[in-house]
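Let me begin by presenting the structure, written as structure tokens, before commenting on it.
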Amino acid sequence: YHDQYGYNDPFLSPDEQKLYFISKQPLNKKGAEKDYDLWYAEKQTDGWSEPINAGRTVNSDSNEYYISFTDEEKLYFASNIHATQRGDYDIYASQHINGQFQTPQRLSDSVNTPNYEADVFVAYDESYLIYCGERKGGFGRGDLYISFRKSDGSWTTAQNMGDAINTLNYEFCPFVTKDGKYLFYSSNQDIYWVSAKVIDQFRK
């Protein structure tokens, strides 16, 4: 908690020793808010450390937010660093090698568009992504989309998850439980859940 800078979108690292989140807190932790960065706190014997910025490799002078990890600690998040128009956020991935995040790579156009793509959840085995997209032809202001990872490492063209999930409202913040049984998400300022078997109908 901070009385000036918000801490939001928490996500535990795979080993649960770091709690990641986003904040507009400046690097010196003083003064006016800045853009959103990725931060984390380390688990200690008596609680959690002070917030630690995740570093310039993943953070920029634009917004970075909403965090998800594979079991191999590959980081997925959203950023508007390469925005071509207002509201243009894309999904990026950063490998974690020898304790360091590598230069993030923007996912292909099968996932990203010139519109808004964010709030990404990546399966722990990296087999699929579910995220919020704002696109023409959807059911509402923001819908959940799903894309599957192919054997060559590329991603299938994202599919709208349909009216079983999406409504005229804004659907966002998807999360699948570690056991793969349930999909949770937010809609119309409430939290909903369905059986994760809904994912199977989109597999090709």
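Chains: A, B, ... in order of the structure tokens. Residues: from 1 per chain. Ligands: from 1, in order shown.
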Find the spatial neighbours of Gln102 (chain A), counting only C-alpha atoms, within a cut-off of 10 Å - ignore same-chain residues fewer than 5 positions away - and output them as a PyMOL selection string.
chain A and resi 57-58+74-75+93-97
Could you turn the residues from that selection into a file that holds all heavy atoms, as an mmCIF file, in the first residue's frame?
```cif
data_model
loop_
_atom_site.group_PDB
_atom_site.id
_atom_site.type_symbol
_atom_site.label_atom_id
_atom_site.label_comp_id
_atom_site.auth_asym_id
_atom_site.auth_seq_id
_atom_site.Cartn_x
_atom_site.Cartn_y
_atom_site.Cartn_z
ATOM 1 N N THR A 57 15.329 -2.814 -18.948
ATOM 2 C CA THR A 57 15.202 -3.784 -20.028
ATOM 3 C C THR A 57 13.734 -3.992 -20.390
ATOM 4 O O THR A 57 13.384 -4.080 -21.568
ATOM 5 C CB THR A 57 15.830 -5.130 -19.642
ATOM 6 O OG1 THR A 57 17.205 -4.926 -19.333
ATOM 7 C CG2 THR A 57 15.725 -6.133 -20.780
ATOM 8 N N VAL A 58 12.863 -4.056 -19.390
ATOM 9 C CA VAL A 58 11.442 -4.256 -19.661
ATOM 10 C C VAL A 58 10.639 -2.967 -19.542
ATOM 11 O O VAL A 58 9.591 -2.832 -20.189
ATOM 12 C CB VAL A 58 10.833 -5.337 -18.734
ATOM 13 C CG1 VAL A 58 11.404 -6.699 -19.067
ATOM 14 C CG2 VAL A 58 11.059 -5.013 -17.271
ATOM 15 N N LYS A 74 9.179 -16.895 -18.202
ATOM 16 C CA LYS A 74 9.078 -15.980 -19.333
ATOM 17 C C LYS A 74 7.958 -14.995 -19.038
ATOM 18 O O LYS A 74 6.843 -15.389 -18.675
ATOM 19 C CB LYS A 74 8.807 -16.744 -20.630
ATOM 20 C CG LYS A 74 8.873 -15.890 -21.878
ATOM 21 C CD LYS A 74 8.724 -16.757 -23.132
ATOM 22 C CE LYS A 74 8.838 -15.949 -24.405
ATOM 23 N NZ LYS A 74 8.721 -16.817 -25.612
ATOM 24 N N LEU A 75 8.251 -13.723 -19.201
ATOM 25 C CA LEU A 75 7.345 -12.657 -18.805
ATOM 26 C C LEU A 75 6.534 -12.170 -19.998
ATOM 27 O O LEU A 75 7.093 -11.856 -21.051
ATOM 28 C CB LEU A 75 8.157 -11.495 -18.225
ATOM 29 C CG LEU A 75 7.447 -10.163 -17.998
ATOM 30 C CD1 LEU A 75 6.403 -10.293 -16.895
ATOM 31 C CD2 LEU A 75 8.459 -9.078 -17.649
ATOM 32 N N ALA A 93 6.785 -10.168 -24.917
ATOM 33 C CA ALA A 93 7.311 -11.278 -24.111
ATOM 34 C C ALA A 93 8.800 -11.090 -23.902
ATOM 35 O O ALA A 93 9.516 -10.628 -24.800
ATOM 36 C CB ALA A 93 7.038 -12.614 -24.789
ATOM 37 N N SER A 94 9.268 -11.431 -22.714
ATOM 38 C CA SER A 94 10.678 -11.302 -22.360
ATOM 39 C C SER A 94 11.167 -12.589 -21.714
ATOM 40 O O SER A 94 10.628 -13.035 -20.699
ATOM 41 C CB SER A 94 10.877 -10.128 -21.390
ATOM 42 O OG SER A 94 12.197 -10.102 -20.882
ATOM 43 N N GLN A 95 12.197 -13.191 -22.314
ATOM 44 C CA GLN A 95 12.816 -14.374 -21.724
ATOM 45 C C GLN A 95 13.536 -14.002 -20.427
ATOM 46 O O GLN A 95 14.029 -12.880 -20.268
ATOM 47 C CB GLN A 95 13.836 -14.962 -22.701
ATOM 48 C CG GLN A 95 13.249 -15.444 -24.013
ATOM 49 C CD GLN A 95 12.652 -16.842 -23.919
ATOM 50 O OE1 GLN A 95 12.622 -17.454 -22.845
ATOM 51 N NE2 GLN A 95 12.177 -17.342 -25.032
ATOM 52 N N HIS A 96 13.602 -14.956 -19.498
ATOM 53 C CA HIS A 96 14.309 -14.765 -18.230
ATOM 54 C C HIS A 96 15.486 -15.728 -18.221
ATOM 55 O O HIS A 96 15.311 -16.938 -18.120
ATOM 56 C CB HIS A 96 13.366 -15.030 -17.059
ATOM 57 C CG HIS A 96 13.881 -14.541 -15.750
ATOM 58 N ND1 HIS A 96 14.422 -15.382 -14.810
ATOM 59 C CD2 HIS A 96 13.940 -13.295 -15.215
ATOM 60 C CE1 HIS A 96 14.779 -14.683 -13.752
ATOM 61 N NE2 HIS A 96 14.500 -13.419 -13.966
ATOM 62 N N ILE A 97 16.696 -15.184 -18.388
ATOM 63 C CA ILE A 97 17.894 -16.014 -18.518
ATOM 64 C C ILE A 97 18.913 -15.586 -17.471
ATOM 65 O O ILE A 97 19.247 -14.402 -17.358
ATOM 66 C CB ILE A 97 18.504 -15.885 -19.928
ATOM 67 C CG1 ILE A 97 17.481 -16.329 -20.986
ATOM 68 C CG2 ILE A 97 19.785 -16.708 -20.046
ATOM 69 C CD1 ILE A 97 17.938 -16.110 -22.403
#
```
Residues near region 31-39 of chain A, cut-off 10 Å, only C-alpha atoms, skip fewer than 2 positions along chain, as a VMD selection string
chain A and resid 4 to 10 18 to 29 41 51 to 56 58 to 67 77 79
Kindly indicate which residue among A:Tyr116, A:Tyr1, A:Trp155, A:Phe148 lies nearest to Ile199 (chain A), using only C-alpha atoms for the distances.
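Closest candidate: A:Phe148.
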Residues at most 12 Å from Ser151 (chain A), counting only C-alpha atoms, excluding those fewer than 5 positions away in the same chain, as a list of chain:residue names?
A:Glu126, A:Ser127, A:Tyr128, A:Thr156
Can you spit out the residues from that selection as a compact mmCIF listing (two decimals), in the first residue's frame, using C-alpha atoms?
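Wrote it out as result_30.txt, contents follow:
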```
# COMPACT_ATOMS: atom_id res chain seq x y z
CA GLU A 126 3.01 -21.28 -22.90
CA SER A 127 0.49 -23.19 -25.02
CA TYR A 128 -2.02 -20.34 -25.30
CA THR A 156 -2.36 -18.62 -34.32
```
Suppose you want the space between CA of Asp163 (chain A) and CA of Gly138 (chain A); what is it in Å?
9.5 Å
Please extract the residues of region 40-199 of chain A with a backbone DSSP assignment of helix (DSSP H, G or I) and present them as a list in words.
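Selection result, helix (DSSP H, G or I) within region 40-199 of chain A: Ala196, Lys197, Val198 and Ile199 of chain A.
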Identify which of the residues A:Tyr145, A:Phe101, A:Trp48, A:Trp193 lies closest to Lys181 (chain A), counting only C-alpha atoms when measuring atom-to-atom distances.
A:Trp193
I'd like the neighbourhood of region 164-177 of chain A as an MDAnalysis selection string, where a residue qualifies if any of its atoms comes within 8 Å (using only C-alpha atoms), though same-chain residues fewer than 4 positions away should be ignored.
chainID A and resid 119:121 123 130:132 139:144 181:188 196
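When only C-alpha atoms are used to compute distances to Ile81 (chain A), the closest of the residues A:Pro14, A:Gly153, A:Pro104, A:Ser68 turns out to be A:Pro104.
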Which is closer to Thr70 (chain A) than all the others in A:Gln189, A:Gln201, A:Ser13, A:Gln100, using only C-alpha atoms?
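Answer, going by the shortest atom-to-atom distance: A:Ser13.
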With distances taken over only C-alpha atoms, which residue among A:Gly99, A:Gly137, A:Gly162, A:Gly47 lies nearest Glu72 (chain A)?
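Answer, going by the shortest atom-to-atom distance: A:Gly99.
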